[in-house]
$ cat structure-v8.csv   # CSV, C-alpha atoms and all ligand atoms
chain,number,residue,atom,x,y,z
A,1,MET,CA,-0.6,33.7,17.9
A,2,ASP,CA,-2.5,30.9,16.1
A,3,GLU,CA,-5.9,31.3,14.5
A,4,THR,CA,-7.8,29.5,17.3
A,5,THR,CA,-6.3,31.7,20.0
A,6,SER,CA,-7.1,34.9,18.2
A,7,LYS,CA,-10.7,33.7,17.4
A,8,SER,CA,-11.4,32.8,21.0
A,9,GLU,CA,-10.0,36.2,22.2
A,10,GLY,CA,-12.2,37.9,19.7
A,11,LYS,CA,-15.3,36.1,21.1
A,12,GLU,CA,-14.3,36.9,24.6
A,13,SER,CA,-14.1,40.7,23.9
A,14,GLU,CA,-17.4,40.7,22.1
A,15,TYR,CA,-18.9,39.0,25.2
A,16,GLU,CA,-17.5,41.8,27.3
A,17,PHE,CA,-19.6,44.3,25.4
A,18,THR,CA,-22.8,42.6,26.8
A,19,GLU,CA,-21.4,42.9,30.3
A,20,ILE,CA,-21.8,46.6,30.8
A,21,THR,CA,-22.5,48.2,34.2
A,22,LEU,CA,-23.7,51.7,35.2
A,23,ARG,CA,-22.2,53.6,38.2
A,24,GLN,CA,-21.7,57.1,39.5
A,25,ILE,CA,-18.9,59.1,37.9
A,26,GLU,CA,-15.8,59.9,40.0
A,27,LEU,CA,-13.0,62.4,39.5
A,28,SER,CA,-10.6,59.4,38.8
A,29,ASP,CA,-12.7,58.7,35.6
A,30,VAL,CA,-11.2,61.9,34.1
A,31,ASP,CA,-8.8,60.1,31.7
A,32,ASP,CA,-11.5,57.8,30.4
A,33,PHE,CA,-13.9,60.8,30.1
A,34,MET,CA,-11.3,62.6,28.0
A,35,GLU,CA,-11.4,59.7,25.5
A,36,TRP,CA,-14.8,60.7,24.3
A,37,ALA,CA,-15.1,64.3,25.4
A,38,THR,CA,-12.1,65.4,23.2
A,39,ASP,CA,-13.3,63.5,20.2
A,40,GLU,CA,-15.1,65.6,17.5
A,41,LYS,CA,-16.7,62.5,16.0
A,42,VAL,CA,-18.5,62.1,19.4
A,43,SER,CA,-19.3,65.7,20.1
A,44,HIS,CA,-20.6,66.4,16.5
A,45,PHE,CA,-24.3,66.0,17.3
A,46,CYS,CA,-24.0,67.1,21.0
A,47,ILE,CA,-24.8,70.5,22.5
A,48,TRP,CA,-21.5,70.6,24.3
A,49,ASP,CA,-18.3,71.7,22.7
A,50,THR,CA,-15.4,69.3,22.3
A,51,TYR,CA,-13.2,69.4,25.4
A,52,THR,CA,-9.7,70.7,25.0
A,53,SER,CA,-8.1,70.2,28.4
A,54,LYS,CA,-8.1,67.9,31.4
A,55,ASP,CA,-8.8,70.8,33.7
A,56,GLN,CA,-12.0,71.6,31.8
A,57,ALA,CA,-13.0,67.9,32.1
A,58,LEU,CA,-12.2,67.9,35.9
A,59,ASP,CA,-14.3,71.0,36.3
A,60,TYR,CA,-17.3,69.5,34.5
A,61,ILE,CA,-17.1,66.2,36.5
A,62,LYS,CA,-16.8,68.0,39.8
A,63,ASN,CA,-19.3,70.7,39.3
A,64,ASN,CA,-21.9,69.2,36.9
A,65,ALA,CA,-21.6,65.5,36.5
A,66,ILE,CA,-21.1,64.4,40.2
A,67,PRO,CA,-23.9,66.7,41.5
A,68,HIS,CA,-26.2,65.7,38.5
A,69,PRO,CA,-29.5,64.2,39.8
A,70,TRP,CA,-29.0,61.0,37.6
A,71,LEU,CA,-25.9,60.6,35.6
A,72,ARG,CA,-24.0,57.3,35.3
A,73,VAL,CA,-20.9,56.2,33.5
A,74,ILE,CA,-21.3,53.2,31.2
A,75,CYS,CA,-18.5,50.8,32.2
A,76,ILE,CA,-16.8,47.6,31.0
A,77,LYS,CA,-15.0,46.0,33.8
A,78,ASN,CA,-15.6,49.2,35.9
A,79,ARG,CA,-13.7,51.4,33.3
A,80,ALA,CA,-15.9,54.2,32.0
A,81,ILE,CA,-16.5,54.1,28.2
A,82,GLY,CA,-19.4,56.5,28.0
A,83,ALA,CA,-22.2,58.1,30.0
A,84,ILE,CA,-25.9,58.2,30.3
A,85,SER,CA,-28.1,60.7,32.1
A,86,VAL,CA,-31.7,61.4,32.9
A,87,THR,CA,-32.4,65.1,33.7
A,88,PRO,CA,-35.7,65.7,35.5
A,89,ASN,CA,-37.8,68.8,35.1
A,90,SER,CA,-38.6,70.6,38.3
A,91,GLY,CA,-41.4,72.9,37.4
A,92,ASN,CA,-45.0,72.5,38.5
A,93,ILE,CA,-46.2,71.5,35.0
A,94,ASP,CA,-43.4,69.5,33.6
A,95,SER,CA,-42.1,67.4,36.5
A,96,CYS,CA,-43.8,64.3,35.0
A,97,ARG,CA,-41.0,64.2,32.4
A,98,ALA,CA,-37.3,64.0,32.2
A,99,GLU,CA,-34.7,64.1,29.3
A,100,LEU,CA,-32.5,61.3,28.4
A,101,GLY,CA,-28.9,61.8,27.1
A,102,TYR,CA,-26.0,59.5,26.3
A,103,VAL,CA,-22.6,59.4,24.8
A,104,LEU,CA,-20.1,56.6,24.0
A,105,ALA,CA,-16.4,56.6,23.1
A,106,TYR,CA,-16.0,56.1,19.4
A,107,LYS,CA,-14.1,52.8,19.5
A,108,TYR,CA,-17.1,51.1,21.1
A,109,TRP,CA,-19.8,52.3,18.6
A,110,GLY,CA,-21.9,49.8,16.8
A,111,LYS,CA,-21.8,47.0,19.4
A,112,GLY,CA,-25.2,47.5,20.9
A,113,ILE,CA,-23.8,49.1,24.1
A,114,VAL,CA,-25.9,52.2,24.3
A,115,THR,CA,-29.0,50.3,23.4
A,116,ARG,CA,-28.3,48.0,26.3
A,117,ALA,CA,-27.6,51.0,28.6
A,118,VAL,CA,-30.9,52.7,27.6
A,119,LYS,CA,-32.8,49.5,28.2
A,120,MET,CA,-31.3,49.3,31.7
A,121,VAL,CA,-32.3,52.8,32.5
A,122,ALA,CA,-35.8,52.5,31.0
A,123,THR,CA,-36.6,49.4,33.1
A,124,THR,CA,-35.5,51.0,36.4
A,125,ILE,CA,-35.9,54.8,36.3
A,126,PHE,CA,-39.7,54.8,36.6
A,127,SER,CA,-39.7,52.8,39.8
A,128,GLU,CA,-36.8,55.0,41.2
A,129,TRP,CA,-38.8,58.2,40.5
A,130,SER,CA,-42.5,57.6,41.3
A,131,ASN,CA,-43.7,60.9,39.8
A,132,LEU,CA,-42.0,60.3,36.5
A,133,GLU,CA,-44.3,59.3,33.6
A,134,ARG,CA,-42.3,60.1,30.5
A,135,ILE,CA,-38.6,60.1,29.4
A,136,GLU,CA,-37.9,62.0,26.2
A,137,ALA,CA,-35.0,62.4,23.9
A,138,LEU,CA,-34.2,65.1,21.4
A,139,VAL,CA,-32.0,63.9,18.5
A,140,ASP,CA,-30.5,65.8,15.6
A,141,ILE,CA,-32.3,64.7,12.5
A,142,ASP,CA,-29.0,63.5,10.9
A,143,ASN,CA,-28.0,61.5,14.0
A,144,LYS,CA,-29.4,58.2,12.6
A,145,GLY,CA,-27.5,55.9,15.0
A,146,SER,CA,-29.0,57.7,18.1
A,147,GLN,CA,-32.5,57.5,16.5
A,148,ARG,CA,-32.0,53.8,15.9
A,149,VAL,CA,-31.0,53.2,19.5
A,150,LEU,CA,-34.3,54.8,20.8
A,151,GLU,CA,-36.4,52.8,18.3
A,152,LYS,CA,-34.7,49.6,19.3
A,153,VAL,CA,-35.6,50.2,23.0
A,154,GLY,CA,-39.2,51.0,22.2
A,155,PHE,CA,-39.3,54.8,22.2
A,156,LEU,CA,-42.0,56.4,20.0
A,157,ARG,CA,-40.8,58.8,17.3
A,158,GLU,CA,-43.3,61.7,17.9
A,159,GLY,CA,-42.2,64.1,15.2
A,160,VAL,CA,-39.7,66.6,13.9
A,161,LEU,CA,-39.2,69.9,15.7
A,162,ARG,CA,-38.1,72.2,12.9
A,163,LYS,CA,-35.1,74.6,13.5
A,164,PHE,CA,-35.5,73.7,17.2
A,165,MET,CA,-31.9,73.9,18.5
A,166,SER,CA,-28.6,75.4,17.6
A,167,ILE,CA,-25.8,72.9,17.7
A,168,LYS,CA,-22.2,74.0,17.0
A,169,GLY,CA,-23.6,77.4,15.9
A,170,LYS,CA,-26.0,76.0,13.3
A,171,SER,CA,-29.8,75.7,14.0
A,172,GLY,CA,-31.2,72.4,12.9
A,173,ASP,CA,-34.3,70.1,13.0
A,174,MET,CA,-34.6,67.7,16.0
A,175,VAL,CA,-36.5,64.5,16.2
A,176,ILE,CA,-38.4,64.1,19.5
A,177,PHE,CA,-38.8,60.6,21.0
A,178,SER,CA,-40.6,59.5,24.2
A,179,LEU,CA,-41.1,56.5,26.3
A,180,LEU,CA,-43.9,56.4,28.9
A,181,SER,CA,-43.9,54.5,32.2
A,182,THR,CA,-46.7,52.4,30.7
A,183,ASP,CA,-44.8,51.6,27.5
A,184,VAL,CA,-43.2,48.3,26.9
A,185,VAL,CA,-39.4,48.2,26.7
A,186,GLN,CA,-38.2,46.0,23.9
A,187,HIS,CA,-35.9,43.1,24.8
B,201,LIG,C1,-25.4,57.4,19.0
B,201,LIG,C2,-24.6,56.5,19.9
B,201,LIG,C3,-25.0,56.8,21.3
B,201,LIG,C4,-25.0,55.1,19.6
B,201,LIG,O1,-24.4,54.2,20.5
B,201,LIG,P1,-24.0,52.7,20.0
B,201,LIG,O2,-23.6,51.9,21.3
B,201,LIG,O3,-23.0,52.7,18.9
B,201,LIG,O4,-25.4,52.2,19.5
B,201,LIG,P2,-25.9,50.7,19.2
B,201,LIG,O5,-24.7,49.9,18.8
B,201,LIG,O6,-26.6,50.2,20.5
B,201,LIG,O7,-27.0,50.9,18.1
B,201,LIG,C5,-26.7,51.7,17.0
B,201,LIG,C6,-27.7,51.4,15.9
B,201,LIG,O8,-27.7,52.5,15.0
B,201,LIG,C7,-27.4,52.0,13.7
B,201,LIG,N1,-26.7,53.0,13.0
B,201,LIG,C8,-25.5,53.6,13.3
B,201,LIG,N2,-25.2,54.6,12.5
B,201,LIG,C9,-26.2,54.6,11.6
B,201,LIG,C10,-26.4,55.4,10.4
B,201,LIG,N3,-25.6,56.4,10.0
B,201,LIG,N4,-27.6,55.2,9.7
B,201,LIG,C11,-28.5,54.3,10.1
B,201,LIG,N5,-28.3,53.5,11.2
B,201,LIG,C12,-27.1,53.7,11.9
B,201,LIG,C13,-26.6,50.7,14.0
B,201,LIG,O9,-26.5,49.9,12.8
B,201,LIG,C14,-27.4,50.2,15.1
B,201,LIG,O10,-28.6,49.6,14.7
B,201,LIG,P3,-28.8,48.0,14.5
B,201,LIG,O11,-28.5,47.4,15.8
B,201,LIG,O12,-30.2,47.9,14.1
B,201,LIG,O13,-27.8,47.6,13.4
B,201,LIG,C15,-23.1,56.7,19.7
B,201,LIG,O14,-22.8,56.6,18.3
B,201,LIG,C16,-22.5,58.0,20.2
B,201,LIG,O15,-22.1,58.1,21.4
B,201,LIG,N6,-22.6,59.1,19.4
B,201,LIG,C17,-22.1,60.4,19.8
B,201,LIG,C18,-22.9,61.0,20.8
B,201,LIG,C19,-24.4,61.1,20.5
B,201,LIG,O16,-24.7,61.3,19.3
B,201,LIG,N7,-25.2,61.1,21.5
B,201,LIG,C20,-26.6,61.1,21.3
B,201,LIG,C21,-27.1,62.6,21.3
B,201,LIG,S1,-28.8,62.6,21.0
$ encode --input "structure-v8.csv" --output "structure tokens"
Amino acid sequence: MDETTSKSEGKESEYEFTEITLRQIELSDVDDFMEWATDEKVSHFCIWDTYTSKDQALDYIKNNAIPHPWLRVICIKNRAIGAISVTPNSGNIDSCRAELGYVLAYKYWGKGIVTRAVKMVATTIFSEWSNLERIEALVDIDNKGSQRVLEKVGFLREGVLRKFMSIKGKSGDMVIFSLLSTDVVQH
């Protein structure tokens, strides 16, 4: 392969990273799901434990992810490389807000993919759910990449919730971010 070919192929694959789509998860996504769910680098800051079997993943997809009120897989060429969710509250006093979550397979980190996915969600979700006024995200204080994603989209860093949550058996401080329906999404 000559230098010209490899350079143009490199450009083409970088271009692909801007062409992400979001769609409903399917049972047939299980092998792609396993790519990130079994990776401790990915699960490190997440509340779920690293997956250890395909049956566990199938069970989660079938019983939690498919019935979830708003969960989409992040895709390149329709192949799932991560997931993003918005979980609404259902109580009388908190139904104005919903919690954002996301995850991406390790080999795709640092290419702007989740920032793009969050922007897509932030520009559409408020019109999909007319009662929704706020999306919030809770991020481990050491999860700098995730905090940066939210800042780049235009979320407000509201503060630190001390010893707020126990992740992987250790309680830690969480940063709370929010985006209101009236806020401007950065482009
Ligand atoms: C966090 C995560 C979603 C980010 O996705 P991503 O597609 O790699 O993010 P992006 O490329 O859009 O943006 C990442 C930004 O964080 C920055 N960043 C990454 N690691 C960083 C670090 N350790 N310190 C400071 N900044 C960091 C990047 O430089 C980039 O900012 P820039 O564009 O200004 O350079 C991804 O790493 C992931 O899936 N992590 C595991 C799961 C997880 O933590 N989910 C969130 C739970 S709250």
$ residues_near_ligand --input "structure-v8.csv" --ligand "ligand LIG 201 (chain B)" --cutoff "10 Å" --atoms "only C-alpha atoms and all ligand atoms" --output "ChimeraX atom specification"
/A:17,36-37,39-47,81-84,100-119,137-153,174-176
$ atom_distance --input "structure-v8.csv" --atom1 "atom CA of Lys54 of chain A" --atom2 "atom CA of Glu26 of chain A"
14.0 Å
$ atom_distance --input "structure-v8.csv" --atom1 "atom CA of Leu156 of chain A" --atom2 "atom CA of Leu179 of chain A"
6.4 Å
$ atom_distance --input "structure-v8.csv" --atom1 "atom CA of Ile20 of chain A" --atom2 "atom CA of Arg79 of chain A"
9.7 Å
$ residues_around --input "structure-v8.csv" --residues "Ser90 of chain A" --least-positions-apart "3" --cutoff "12 Å" --atoms "all atoms listed in the file" --output "compact mmCIF listing (two decimals) with C-alpha atoms, in the coordinates of the input"
# COMPACT_ATOMS: atom_id res chain seq x y z
CA PRO A 69 -29.50 64.20 39.80
CA THR A 87 -32.40 65.10 33.70
CA ILE A 93 -46.20 71.50 35.00
CA ASP A 94 -43.40 69.50 33.60
CA SER A 95 -42.10 67.40 36.50
CA CYS A 96 -43.80 64.30 35.00
CA ARG A 97 -41.00 64.20 32.40
CA ALA A 98 -37.30 64.00 32.20
CA GLU A 99 -34.70 64.10 29.30
CA ASN A 131 -43.70 60.90 39.80
CA LEU A 132 -42.00 60.30 36.50
$ closest_residue --input "structure-v8.csv" --among "A:Thr182, A:Asn89, A:Ser127, A:Gln24" --to "Trp70 of chain A" --atoms "all atoms listed in the file"
A:Gln24
$ residues_around --input "structure-v8.csv" --residues "Lys163 of chain A" --least-positions-apart "3" --cutoff "7 Å" --atoms "all atoms listed in the file" --output "MDAnalysis selection string"
chainID A and resid 171:173
$ residues_around --input "structure-v8.csv" --residues "Met34 of chain A" --least-positions-apart "5" --cutoff "9 Å" --atoms "all atoms listed in the file" --output "list in words"
Asp29, Asp39, Tyr51, Thr52, Ser53, Lys54 and Ala57 of chain A
$ residues_near_point --input "structure-v8.csv" --point "(-21.0, 55.0, 38.0)" --cutoff "9 Å" --atoms "all atoms listed in the file" --output "list in words"
Thr21, Leu22, Arg23, Gln24, Ile25, Glu26, Leu71, Arg72, Val73, Ile74, Cys75, Asn78, Ala80 and Ala83 of chain A
$ closest_residue --input "structure-v8.csv" --among "A:Asp49, A:Glu19, A:Asp59, A:Glu136" --to "Ser85 of chain A" --atoms "only C-alpha atoms"
A:Glu136
$ closest_residue --input "structure-v8.csv" --among "A:Phe33, A:Met165, A:Ala65, A:Ser178" --to "Ala122 of chain A" --atoms "all atoms listed in the file"
A:Ser178
$ closest_residue --input "structure-v8.csv" --among "A:Val184, A:Val121, A:Val30, A:Ile76" --to "Gly154 of chain A" --atoms "all atoms listed in the file"
A:Val184
$ closest_residue --input "structure-v8.csv" --among "A:Leu180, A:Val185, A:Val86, A:Ile61" --to "Arg134 of chain A" --atoms "only C-alpha atoms"
A:Leu180
$ closest_residue --input "structure-v8.csv" --among "A:Phe155, A:Val160, A:Ser181, A:Lys168" --to "Thr124 of chain A" --atoms "all atoms listed in the file"
A:Ser181
$ decode --input "structure-v8.csv" --residues "segment 15-88 of chain A" --atoms "C-alpha atoms" --output "CSV table (one decimal), in the first residue's frame"
chain,number,residue,atom,x,y,z
A,15,TYR,CA,-15.0,11.1,8.1
A,16,GLU,CA,-17.0,8.1,9.1
A,17,PHE,CA,-16.8,9.2,12.7
A,18,THR,CA,-18.9,12.3,11.9
A,19,GLU,CA,-21.5,10.1,10.3
A,20,ILE,CA,-23.1,8.6,13.4
A,21,THR,CA,-26.7,7.6,13.7
A,22,LEU,CA,-28.9,6.7,16.6
A,23,ARG,CA,-31.4,3.8,16.5
A,24,GLN,CA,-33.2,1.4,18.8
A,25,ILE,CA,-31.2,-1.5,20.2
A,26,GLU,CA,-31.9,-5.0,18.9
A,27,LEU,CA,-31.0,-8.5,20.2
A,28,SER,CA,-28.8,-8.9,17.2
A,29,ASP,CA,-26.6,-6.0,18.5
A,30,VAL,CA,-25.4,-8.3,21.3
A,31,ASP,CA,-21.9,-9.0,19.9
A,32,ASP,CA,-21.2,-5.3,19.4
A,33,PHE,CA,-22.7,-4.6,22.9
A,34,MET,CA,-20.2,-7.1,24.4
A,35,GLU,CA,-17.3,-5.0,22.9
A,36,TRP,CA,-17.9,-2.2,25.4
A,37,ALA,CA,-19.8,-4.0,28.2
A,38,THR,CA,-17.0,-6.5,28.9
A,39,ASP,CA,-14.3,-3.8,28.9
A,40,GLU,CA,-13.2,-2.7,32.4
A,41,LYS,CA,-11.8,0.6,30.9
A,42,VAL,CA,-15.3,1.4,29.8
A,43,SER,CA,-17.2,0.3,32.9
A,44,HIS,CA,-14.7,1.9,35.4
A,45,PHE,CA,-16.8,5.0,36.1
A,46,CYS,CA,-20.2,3.4,35.4
A,47,ILE,CA,-22.6,2.1,38.0
A,48,TRP,CA,-23.0,-1.3,36.2
A,49,ASP,CA,-20.5,-4.1,36.7
A,50,THR,CA,-18.4,-5.3,33.7
A,51,TYR,CA,-20.3,-8.0,31.8
A,52,THR,CA,-18.8,-11.5,31.8
A,53,SER,CA,-21.2,-13.4,29.5
A,54,LYS,CA,-23.2,-13.1,26.4
A,55,ASP,CA,-26.3,-14.5,28.2
A,56,GLN,CA,-26.0,-11.6,30.7
A,57,ALA,CA,-25.9,-9.1,27.8
A,58,LEU,CA,-28.8,-10.7,26.1
A,59,ASP,CA,-30.8,-10.6,29.3
A,60,TYR,CA,-30.0,-6.9,29.7
A,61,ILE,CA,-30.9,-6.0,26.1
A,62,LYS,CA,-34.1,-8.0,26.2
A,63,ASN,CA,-35.4,-7.0,29.7
A,64,ASN,CA,-33.9,-3.5,30.2
A,65,ALA,CA,-32.5,-1.9,27.1
A,66,ILE,CA,-35.3,-2.7,24.6
A,67,PRO,CA,-38.2,-1.7,27.0
A,68,HIS,CA,-36.3,1.4,28.2
A,69,PRO,CA,-38.3,4.6,27.5
A,70,TRP,CA,-35.4,6.2,25.5
A,71,LEU,CA,-32.3,4.3,24.8
A,72,ARG,CA,-30.5,4.3,21.5
A,73,VAL,CA,-27.4,2.7,20.2
A,74,ILE,CA,-24.8,5.0,18.6
A,75,CYS,CA,-23.9,3.5,15.2
A,76,ILE,CA,-21.4,3.9,12.4
A,77,LYS,CA,-22.8,2.3,9.2
A,78,ASN,CA,-25.6,0.9,11.4
A,79,ARG,CA,-23.1,-1.1,13.6
A,80,ALA,CA,-23.5,-0.3,17.3
A,81,ILE,CA,-20.4,1.2,18.9
A,82,GLY,CA,-22.0,2.6,22.0
A,83,ALA,CA,-25.3,3.7,23.6
A,84,ILE,CA,-27.0,6.8,24.9
A,85,SER,CA,-30.1,7.0,27.1
A,86,VAL,CA,-32.4,9.5,28.6
A,87,THR,CA,-34.3,8.2,31.7
A,88,PRO,CA,-37.3,10.2,32.7
